[in-house]
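Participant: Hey, dropping model.txt in here, compact mmCIF, C-alpha atoms and all ligand atoms:
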```txt
# COMPACT_ATOMS: atom_id res chain seq x y z
CA MET A 1 8.79 -9.37 13.77
CA ASN A 2 10.81 -6.80 15.66
CA LEU A 3 9.42 -3.25 15.89
CA SER A 4 12.56 -1.98 14.16
CA GLN A 5 10.99 -3.44 11.00
CA CYS A 6 7.55 -1.95 11.64
CA GLY A 7 5.82 0.62 9.50
CA LEU A 8 2.52 2.28 10.35
CA ASN A 9 0.14 2.92 7.49
CA THR A 10 -1.94 5.91 8.50
CA ILE A 11 -5.26 4.40 7.38
CA THR A 12 -4.98 1.98 10.33
CA VAL A 13 -5.63 4.93 12.63
CA ARG A 14 -7.49 7.12 10.20
CA SER A 15 -9.01 9.39 12.86
CA LEU A 16 -5.54 10.81 13.53
CA THR A 17 -3.98 13.78 11.78
CA LEU A 18 -0.47 13.57 10.40
CA PRO A 19 1.08 15.29 13.47
CA GLU A 20 -0.80 12.86 15.72
CA VAL A 21 0.44 9.86 13.72
CA ILE A 22 3.98 11.19 13.94
CA ASP A 23 3.61 11.66 17.69
CA GLN A 24 2.31 8.11 18.15
CA ALA A 25 5.10 6.66 16.03
CA GLN A 26 7.75 8.54 18.00
CA ARG A 27 6.34 7.59 21.38
CA ARG A 28 5.92 3.93 20.44
CA GLU A 29 9.27 3.60 18.65
CA ILE A 30 7.75 2.83 15.28
CA PRO A 31 10.52 3.91 12.91
CA VAL A 32 8.51 4.18 9.68
CA ILE A 33 5.19 5.61 8.58
CA SER A 34 3.26 5.28 5.33
CA PRO A 35 0.77 8.11 4.87
CA TRP A 36 -2.26 8.19 2.62
CA ARG A 37 -2.51 11.24 0.41
CA ASP A 38 -5.56 12.65 2.16
CA ILE A 39 -3.79 13.34 5.45
CA VAL A 40 -0.79 14.80 3.65
CA GLN A 41 -3.06 17.11 1.68
CA ALA A 42 -5.06 18.00 4.81
CA GLU A 43 -1.85 19.22 6.42
CA GLY A 44 -0.65 21.02 3.32
CA VAL A 45 2.03 19.25 1.31
CA ALA A 46 4.94 21.54 2.15
CA ARG A 47 4.12 21.59 5.87
CA ALA A 48 3.62 17.80 5.85
CA GLY A 49 7.09 17.44 4.35
CA ARG A 50 8.63 19.64 7.07
CA LEU A 51 6.83 17.72 9.82
CA VAL A 52 8.06 14.38 8.53
CA ARG A 53 11.62 15.56 8.00
CA ASP A 54 11.77 17.14 11.46
CA SER A 55 10.40 13.97 13.05
CA GLY A 56 13.31 11.82 11.91
CA LEU A 57 10.86 9.10 10.88
CA LYS A 58 11.32 7.27 7.60
CA VAL A 59 8.50 7.10 5.06
CA SER A 60 8.14 3.76 3.29
CA SER A 61 5.68 4.99 0.68
CA LEU A 62 2.88 7.35 -0.20
CA VAL A 63 -0.51 5.68 -0.63
CA ARG A 64 -1.78 5.85 -3.23
CA GLY A 65 -1.53 6.70 -6.91
CA GLY A 66 -3.04 4.74 -9.74
CA MET A 67 -6.70 4.52 -10.80
CA PHE A 68 -5.61 4.67 -14.43
CA THR A 69 -8.75 3.20 -15.97
CA ALA A 70 -11.44 5.52 -17.35
CA PRO A 71 -14.01 5.30 -20.13
CA ASP A 72 -12.49 8.11 -22.18
CA ALA A 73 -9.11 9.63 -23.00
CA SER A 74 -9.70 12.78 -20.98
CA GLY A 75 -10.42 10.70 -17.87
CA ARG A 76 -7.23 8.73 -18.41
CA ARG A 77 -5.26 11.95 -18.92
CA ALA A 78 -6.70 13.36 -15.71
CA ALA A 79 -5.60 10.21 -13.90
CA VAL A 80 -2.02 10.61 -15.13
CA GLU A 81 -2.04 14.27 -14.08
CA ASP A 82 -3.27 13.30 -10.62
CA ASN A 83 -0.46 10.74 -10.40
CA LEU A 84 2.07 13.43 -11.34
CA ARG A 85 0.80 15.42 -8.35
CA ALA A 86 1.16 12.30 -6.21
CA LEU A 87 4.81 12.05 -7.28
CA GLU A 88 5.34 15.65 -6.13
CA GLU A 89 3.70 14.83 -2.80
CA ALA A 90 5.85 11.72 -2.42
CA HIS A 91 8.96 13.79 -3.06
CA ALA A 92 7.80 16.41 -0.55
CA ILE A 93 7.42 13.89 2.27
CA GLY A 94 10.74 12.24 1.49
CA THR A 95 9.71 8.82 0.27
CA ASP A 96 11.02 6.99 -2.78
CA CYS A 97 7.91 4.88 -3.38
CA LEU A 98 4.41 5.59 -4.63
CA VAL A 99 1.94 2.73 -4.17
CA LEU A 100 -0.33 2.17 -7.16
CA VAL A 101 -3.89 0.86 -6.93
CA CYS A 102 -4.29 0.38 -10.63
CA GLY A 103 -8.00 0.99 -11.31
CA GLY A 104 -11.08 -1.16 -11.82
CA LEU A 105 -12.86 -2.55 -14.82
CA VAL A 106 -14.22 -0.21 -17.50
CA GLY A 107 -17.36 -1.57 -19.16
CA ARG A 108 -16.87 -5.32 -19.58
CA ASP A 109 -13.50 -4.97 -21.24
CA LEU A 110 -10.96 -6.65 -18.99
CA PRO A 111 -8.09 -6.80 -21.52
CA GLY A 112 -8.74 -3.18 -22.53
CA SER A 113 -8.80 -2.08 -18.89
CA ARG A 114 -5.49 -3.82 -18.28
CA THR A 115 -4.01 -2.04 -21.28
CA MET A 116 -5.13 1.29 -19.79
CA VAL A 117 -3.26 0.42 -16.61
CA ARG A 118 -0.07 -0.41 -18.49
CA GLU A 119 -0.28 2.77 -20.55
CA GLY A 120 -0.98 4.86 -17.46
CA ILE A 121 2.07 3.51 -15.64
CA GLU A 122 4.23 3.95 -18.75
CA ALA A 123 3.12 7.57 -18.94
CA LEU A 124 4.33 8.09 -15.37
CA VAL A 125 7.71 6.40 -15.69
CA PRO A 126 9.69 9.39 -17.04
CA ALA A 127 8.53 11.69 -14.21
CA ALA A 128 9.02 8.97 -11.61
CA THR A 129 12.53 8.32 -12.90
CA ALA A 130 13.38 12.02 -12.83
CA ALA A 131 12.07 12.29 -9.26
CA GLY A 132 13.81 9.11 -8.10
CA ILE A 133 10.50 7.62 -6.99
CA ARG A 134 9.62 4.00 -7.65
CA LEU A 135 6.14 2.90 -8.62
CA GLY A 136 4.82 -0.08 -6.65
CA ILE A 137 2.04 -2.01 -8.37
CA GLU A 138 -0.18 -3.46 -5.65
CA PRO A 139 -2.34 -6.35 -6.85
CA LEU A 140 -5.72 -6.29 -5.11
CA HIS A 141 -7.92 -9.23 -4.15
CA PRO A 142 -10.05 -10.40 -7.11
CA MET A 143 -13.25 -9.25 -5.37
CA MET A 144 -12.08 -5.74 -6.30
CA VAL A 145 -11.47 -6.28 -10.03
CA GLY A 146 -14.77 -4.61 -10.87
CA SER A 147 -14.19 -1.59 -8.70
CA ARG A 148 -10.55 -0.90 -7.90
CA SER A 149 -7.91 -3.02 -9.61
CA VAL A 150 -7.89 -5.16 -12.72
CA VAL A 151 -4.50 -6.37 -11.50
CA ALA A 152 -5.48 -9.14 -9.08
CA THR A 153 -2.50 -11.44 -8.62
CA LEU A 154 1.19 -11.00 -7.94
CA GLY A 155 1.82 -12.94 -11.14
CA GLU A 156 -0.10 -10.34 -13.16
CA ALA A 157 1.76 -7.55 -11.40
CA ASN A 158 5.09 -9.24 -12.19
CA ASP A 159 4.02 -9.63 -15.83
CA LEU A 160 3.16 -5.94 -15.93
CA VAL A 161 6.54 -5.00 -14.48
CA ASP A 162 8.21 -7.17 -17.14
CA ALA A 163 6.12 -5.63 -19.92
CA ILE A 164 6.92 -2.08 -18.83
CA GLY A 165 10.58 -2.93 -18.45
CA SER A 166 11.65 -0.04 -16.25
CA PRO A 167 13.75 -0.46 -13.10
CA GLN A 168 11.55 2.26 -11.64
CA VAL A 169 8.55 -0.07 -11.47
CA GLY A 170 8.07 -2.88 -8.96
CA VAL A 171 5.41 -4.60 -6.88
CA ILE A 172 3.85 -4.34 -3.44
CA VAL A 173 2.99 -7.51 -1.53
CA ASP A 174 -0.10 -6.86 0.58
CA VAL A 175 -0.90 -10.10 2.35
CA TYR A 176 -4.63 -9.33 2.51
CA HIS A 177 -4.86 -9.32 -1.27
CA VAL A 178 -2.60 -12.18 -2.27
CA TRP A 179 -2.47 -14.72 0.59
CA TRP A 180 -4.89 -17.17 -1.10
CA ASP A 181 -2.89 -17.54 -4.32
CA ALA A 182 -1.38 -21.00 -4.98
CA ASP A 183 1.40 -19.31 -6.94
CA LEU A 184 2.19 -16.72 -4.28
CA MET A 185 5.51 -18.08 -3.06
CA ALA A 186 6.80 -18.65 -6.59
CA GLU A 187 5.74 -15.15 -7.61
CA ILE A 188 7.38 -13.60 -4.55
CA GLU A 189 10.61 -15.34 -5.53
CA ARG A 190 10.17 -14.20 -9.13
CA ALA A 191 9.62 -10.60 -8.02
CA GLY A 192 12.84 -10.68 -6.01
CA ARG A 193 14.28 -7.24 -5.48
CA ARG A 194 11.44 -5.68 -7.41
CA ILE A 195 9.37 -5.99 -4.22
CA LEU A 196 9.01 -2.43 -2.99
CA GLY A 197 6.72 -2.94 -0.01
CA LEU A 198 5.09 -5.42 2.37
CA HIS A 199 1.67 -4.67 3.88
CA VAL A 200 0.30 -6.71 6.77
CA SER A 201 -3.15 -7.32 8.25
CA ASP A 202 -5.23 -10.53 8.32
CA TRP A 203 -8.16 -12.17 6.54
CA VAL A 204 -11.22 -12.55 8.75
CA THR A 205 -14.72 -13.52 7.74
CA PRO A 206 -17.45 -12.63 7.14
CA ILE A 207 -16.46 -9.87 4.74
CA THR A 208 -18.65 -6.96 5.77
CA GLY A 209 -17.43 -4.40 3.28
CA GLU A 210 -15.15 -4.68 0.29
CA LEU A 211 -12.86 -1.95 1.65
CA SER A 212 -13.23 -2.21 5.40
CA SER A 213 -13.20 -5.84 6.51
CA ARG A 214 -9.55 -6.41 7.26
CA GLY A 215 -8.55 -8.21 10.38
CA MET A 216 -5.85 -7.61 12.96
CA MET A 217 -2.73 -9.71 12.51
CA GLY A 218 -3.24 -13.02 14.31
CA ASP A 219 -7.06 -12.91 14.17
CA GLY A 220 -7.41 -14.53 10.76
CA CYS A 221 -6.13 -17.30 8.54
CA ILE A 222 -3.07 -15.82 6.81
CA ASP A 223 0.26 -17.52 7.49
CA LEU A 224 1.98 -14.18 8.09
CA PRO A 225 5.40 -15.55 9.14
CA ALA A 226 5.56 -17.67 5.98
CA VAL A 227 4.73 -14.77 3.66
CA SER A 228 6.99 -12.28 5.38
CA ALA A 229 9.86 -14.80 5.44
CA ALA A 230 9.43 -15.39 1.70
CA VAL A 231 9.45 -11.64 1.03
CA ARG A 232 12.62 -11.27 3.12
CA ALA A 233 14.24 -14.24 1.35
CA ALA A 234 13.46 -12.56 -1.98
CA GLY A 235 15.64 -9.65 -0.90
CA PHE A 236 13.20 -7.07 0.47
CA ASP A 237 14.66 -5.49 3.59
CA GLY A 238 12.22 -2.63 4.15
CA PRO A 239 9.54 -2.40 6.84
CA ALA A 240 6.30 -4.35 7.04
CA ASP A 241 3.58 -1.71 7.05
CA ILE A 242 0.54 -2.33 9.25
CA GLU A 243 -2.40 -1.51 6.99
CA ILE A 244 -5.77 -2.34 8.52
CA LEU A 245 -8.86 -0.93 6.83
CA SER A 246 -11.58 -2.05 9.21
CA ASP A 247 -14.88 -0.66 10.41
CA HIS A 248 -14.35 -2.57 13.63
CA TRP A 249 -10.86 -1.23 14.40
CA TRP A 250 -11.78 2.26 13.18
CA SER A 251 -14.54 2.32 15.80
CA LEU A 252 -12.01 1.95 18.62
CA PRO A 253 -9.66 4.58 20.07
CA ALA A 254 -6.39 4.86 18.18
CA ASP A 255 -4.43 4.10 21.35
CA THR A 256 -6.24 0.79 21.74
CA VAL A 257 -5.69 -0.13 18.10
CA LEU A 258 -1.98 0.64 18.33
CA ASP A 259 -1.57 -1.24 21.61
CA VAL A 260 -2.98 -4.38 20.00
CA ALA A 261 -1.38 -3.88 16.59
CA LEU A 262 2.15 -3.52 17.92
CA GLU A 263 1.81 -6.50 20.24
CA ARG A 264 0.48 -8.60 17.35
CA PHE A 265 3.14 -7.32 14.98
CA GLN A 266 5.81 -8.67 17.28
CA ALA A 267 3.99 -11.94 18.01
CA CYS A 268 2.39 -12.86 14.70
CA VAL A 269 4.23 -11.37 11.72
ZN ZN B 1 -1.86 -2.37 0.86
```
Take the structure in the file and give it back as structure tokens.
Ligand code: ZN
Facilitator:
Amino acid sequence: MNLSQCGLNTITVRSLTLPEVIDQAQRREIPVISPWRDIVQAEGVARAGRLVRDSGLKVSSLVRGGMFTAPDASGRRAAVEDNLRALEEAHAIGTDCLVLVCGGLVGRDLPGSRTMVREGIEALVPAATAAGIRLGIEPLHPMMVGSRSVVATLGEANDLVDAIGSPQVGVIVDVYHVWWDADLMAEIERAGRRILGLHVSDWVTPITGELSSRGMMGDGCIDLPAVSAAVRAAGFDGPADIEILSDHWWSLPADTVLDVALERFQACV
């Protein structure tokens, strides 16, 4: 894929500050960034917003809101309040999309946990609508149902979008989480213009950590061109964000990671 369609998710080069990410993006002609909340907060939200606006870069999304599941009502309320702050941060940095990692299992109650997710998103919809920010439900690989997301397939995410019934809510297709799904292509088509983001990396084994085992595009077994073509055919015309959470790639200098990532983006996505 051409670099004009490239987004850089900041976690890929997590040793960098926001100004350093912006500098790298400008020098390497990456037109879009996707920051995680921690580096926005580290900079100070207002200053982060000024830096991004002055840079001329686009921001595909803020990562991440969500984590709606909690054992008690006060925990769930606190989650919604934290998401309201995330909407303010998203507005400050000039993006119209907040990525949602929905939250893991509470107790052994999978249906109840999924209800908490739906209610949490519904509680956010009025503020998101007022702010003009869309909420992107990102299904996570089923190995993370217990810890991070009871929404594990794109089909479930599409069902959730249907159940909530707001144009403000859509889905994120992160290839690392959904590549294995026999229904993936059909669910991408079903999602259509409700696809709000595309995240790319690769699946390499062995998995050495639930959160930090992602591979570089081209090093694993995901048919990246097929998935990205399907997402494009469904009507998504935004960037593909490079999002590599990896102990291996985090151990290398950011310049090295970006050299390889941009070459692979053009050759393999
Ligand atoms: Zn992602």
Participant: Which one of A:Arg50, A:Arg232, A:Arg108, A:Arg214 sits closest to ligand ZN 1 (chain B) if you count all atoms listed in the file?
Facilitator: A:Arg214
Participant: Which residue gives the smallest distance to Glu119 (chain A) among A:Leu245, A:Ala163, A:Ala157, A:Cys97, with only C-alpha atoms counted?
Facilitator: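 Going through A:Leu245, A:Ala163, A:Ala157, A:Cys97 one by one, the smallest distance to Glu119 (chain A) is for A:Ala163.
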Participant: Write out as a ChimeraX atom specification which residues come within 12 Å of Thr69 (chain A) when counting only C-alpha atoms, dropping same-chain ones fewer than 6 positions away.
Facilitator: /A:75-80,101-107,109-121,145-151
Participant: Could you dump the residues just selected with C-alpha atoms as a tab-separated table (two decimals), in the coordinates of the input?
Facilitator:
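Written output follows (result.tsv):
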```
chain	number	residue	atom	x	y	z
A	75	GLY	CA	-10.42	10.70	-17.87
A	76	ARG	CA	-7.23	8.73	-18.41
A	77	ARG	CA	-5.26	11.95	-18.92
A	78	ALA	CA	-6.70	13.36	-15.71
A	79	ALA	CA	-5.60	10.21	-13.90
A	80	VAL	CA	-2.02	10.61	-15.13
A	101	VAL	CA	-3.89	0.86	-6.93
A	102	CYS	CA	-4.29	0.38	-10.63
A	103	GLY	CA	-8.00	0.99	-11.31
A	104	GLY	CA	-11.08	-1.16	-11.82
A	105	LEU	CA	-12.86	-2.55	-14.82
A	106	VAL	CA	-14.22	-0.21	-17.50
A	107	GLY	CA	-17.36	-1.57	-19.16
A	109	ASP	CA	-13.50	-4.97	-21.24
A	110	LEU	CA	-10.96	-6.65	-18.99
A	111	PRO	CA	-8.09	-6.80	-21.52
A	112	GLY	CA	-8.74	-3.18	-22.53
A	113	SER	CA	-8.80	-2.08	-18.89
A	114	ARG	CA	-5.49	-3.82	-18.28
A	115	THR	CA	-4.01	-2.04	-21.28
A	116	MET	CA	-5.13	1.29	-19.79
A	117	VAL	CA	-3.26	0.42	-16.61
A	118	ARG	CA	-0.07	-0.41	-18.49
A	119	GLU	CA	-0.28	2.77	-20.55
A	120	GLY	CA	-0.98	4.86	-17.46
A	121	ILE	CA	2.07	3.51	-15.64
A	145	VAL	CA	-11.47	-6.28	-10.03
A	146	GLY	CA	-14.77	-4.61	-10.87
A	147	SER	CA	-14.19	-1.59	-8.70
A	148	ARG	CA	-10.55	-0.90	-7.90
A	149	SER	CA	-7.91	-3.02	-9.61
A	150	VAL	CA	-7.89	-5.16	-12.72
A	151	VAL	CA	-4.50	-6.37	-11.50
```
Participant: Quote the spacing between CA of Gly7 (chain A) and CA of Leu262 (chain A) in Å to one decimal place.
Facilitator: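 That distance, rounded to one decimal, is 10.1 Å.
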Participant: Could you check how far CA of Ile11 (chain A) sits from CA of Gln168 (chain A), in Å to one decimal?
Facilitator: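 It comes out at 25.5 Å.
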Participant: Please determine, counting only C-alpha atoms and all ligand atoms, which residue among A:Glu138, A:Glu187, A:Asp202, A:Asp255 has the shortest atom-to-atom distance to ligand ZN 1 (chain B).
Facilitator: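 Once distances to ligand ZN 1 (chain B) are computed over only C-alpha atoms and all ligand atoms, the minimum belongs to A:Glu138.
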Participant: Go ahead and compute the interatomic distance for CA of Ala191 (chain A) and CA of Ile207 (chain A), in Å to one decimal.
Facilitator: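 We find that CA of Ala191 (chain A) and CA of Ile207 (chain A) lie 29.0 Å from each other.
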Participant: Do you know which residues are within 12 Å of ligand ZN 1 (chain B) using only C-alpha atoms and all ligand atoms? Can you write them as an mmCIF file with C-alpha atoms, keeping the file's coordinate frame?
Facilitator:
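And here is the file that came out, out22.cif:
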```
data_model
loop_
_atom_site.group_PDB
_atom_site.id
_atom_site.type_symbol
_atom_site.label_atom_id
_atom_site.label_comp_id
_atom_site.auth_asym_id
_atom_site.auth_seq_id
_atom_site.Cartn_x
_atom_site.Cartn_y
_atom_site.Cartn_z
ATOM 1 C CA GLY A 7 5.820 0.620 9.500
ATOM 2 C CA LEU A 8 2.520 2.280 10.350
ATOM 3 C CA ASN A 9 0.140 2.920 7.490
ATOM 4 C CA THR A 10 -1.940 5.910 8.500
ATOM 5 C CA ILE A 11 -5.260 4.400 7.380
ATOM 6 C CA THR A 12 -4.980 1.980 10.330
ATOM 7 C CA SER A 34 3.260 5.280 5.330
ATOM 8 C CA PRO A 35 0.770 8.110 4.870
ATOM 9 C CA TRP A 36 -2.260 8.190 2.620
ATOM 10 C CA SER A 60 8.140 3.760 3.290
ATOM 11 C CA SER A 61 5.680 4.990 0.680
ATOM 12 C CA LEU A 62 2.880 7.350 -0.200
ATOM 13 C CA VAL A 63 -0.510 5.680 -0.630
ATOM 14 C CA ARG A 64 -1.780 5.850 -3.230
ATOM 15 C CA GLY A 65 -1.530 6.700 -6.910
ATOM 16 C CA LEU A 98 4.410 5.590 -4.630
ATOM 17 C CA VAL A 99 1.940 2.730 -4.170
ATOM 18 C CA LEU A 100 -0.330 2.170 -7.160
ATOM 19 C CA VAL A 101 -3.890 0.860 -6.930
ATOM 20 C CA GLY A 136 4.820 -0.080 -6.650
ATOM 21 C CA ILE A 137 2.040 -2.010 -8.370
ATOM 22 C CA GLU A 138 -0.180 -3.460 -5.650
ATOM 23 C CA PRO A 139 -2.340 -6.350 -6.850
ATOM 24 C CA LEU A 140 -5.720 -6.290 -5.110
ATOM 25 C CA HIS A 141 -7.920 -9.230 -4.150
ATOM 26 C CA VAL A 171 5.410 -4.600 -6.880
ATOM 27 C CA ILE A 172 3.850 -4.340 -3.440
ATOM 28 C CA VAL A 173 2.990 -7.510 -1.530
ATOM 29 C CA ASP A 174 -0.100 -6.860 0.580
ATOM 30 C CA VAL A 175 -0.900 -10.100 2.350
ATOM 31 C CA TYR A 176 -4.630 -9.330 2.510
ATOM 32 C CA HIS A 177 -4.860 -9.320 -1.270
ATOM 33 C CA VAL A 178 -2.600 -12.180 -2.270
ATOM 34 C CA LEU A 196 9.010 -2.430 -2.990
ATOM 35 C CA GLY A 197 6.720 -2.940 -0.010
ATOM 36 C CA LEU A 198 5.090 -5.420 2.370
ATOM 37 C CA HIS A 199 1.670 -4.670 3.880
ATOM 38 C CA VAL A 200 0.300 -6.710 6.770
ATOM 39 C CA SER A 201 -3.150 -7.320 8.250
ATOM 40 C CA ASP A 202 -5.230 -10.530 8.320
ATOM 41 C CA LEU A 211 -12.860 -1.950 1.650
ATOM 42 C CA ARG A 214 -9.550 -6.410 7.260
ATOM 43 C CA ALA A 240 6.300 -4.350 7.040
ATOM 44 C CA ASP A 241 3.580 -1.710 7.050
ATOM 45 C CA ILE A 242 0.540 -2.330 9.250
ATOM 46 C CA GLU A 243 -2.400 -1.510 6.990
ATOM 47 C CA ILE A 244 -5.770 -2.340 8.520
ATOM 48 C CA LEU A 245 -8.860 -0.930 6.830
#
```
Participant: Identify, on the basis of all atoms listed in the file, every residue whose closest approach to Asp183 (chain A) does not exceed 9 Å; exclude the query and any residue fewer than 5 positions from it along the same chain; express the result as a list in words.
Facilitator: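 After dropping sequence-adjacent residues, the list is Thr153, Leu154, Gly155 and Ile188 of chain A.
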Participant: Compute the distance from (-13.3, -3.4, 17.6) to each atom, counting all atoms listed in the file, keep the residues with any atom at most 12 Å away, and return them as a list of chain:residue names; use the coordinates of the file.
Facilitator: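 The residues that fall inside the cut-off are A:Ser213, A:Arg214, A:Gly215, A:Met216, A:Asp219, A:Ile244, A:Leu245, A:Ser246, A:Asp247, A:His248, A:Trp249, A:Trp250, A:Ser251, A:Leu252, A:Pro253, A:Ala254, A:Thr256, A:Val257, A:Val260, A:Ala261.
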Participant: Around the point (-1.7, 12.9, 11.7), in the coordinates given by the file, pick out the residues reaching within 10 Å, counting all atoms listed in the file, and return them as a list of chain:residue names.
Facilitator: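 Answer for this query, in the requested form: A:Thr10, A:Val13, A:Arg14, A:Ser15, A:Leu16, A:Thr17, A:Leu18, A:Pro19, A:Glu20, A:Val21, A:Ile22, A:Asp23, A:Gln24, A:Pro35, A:Ile39, A:Val40, A:Ala42, A:Glu43, A:Ala48, A:Leu51.
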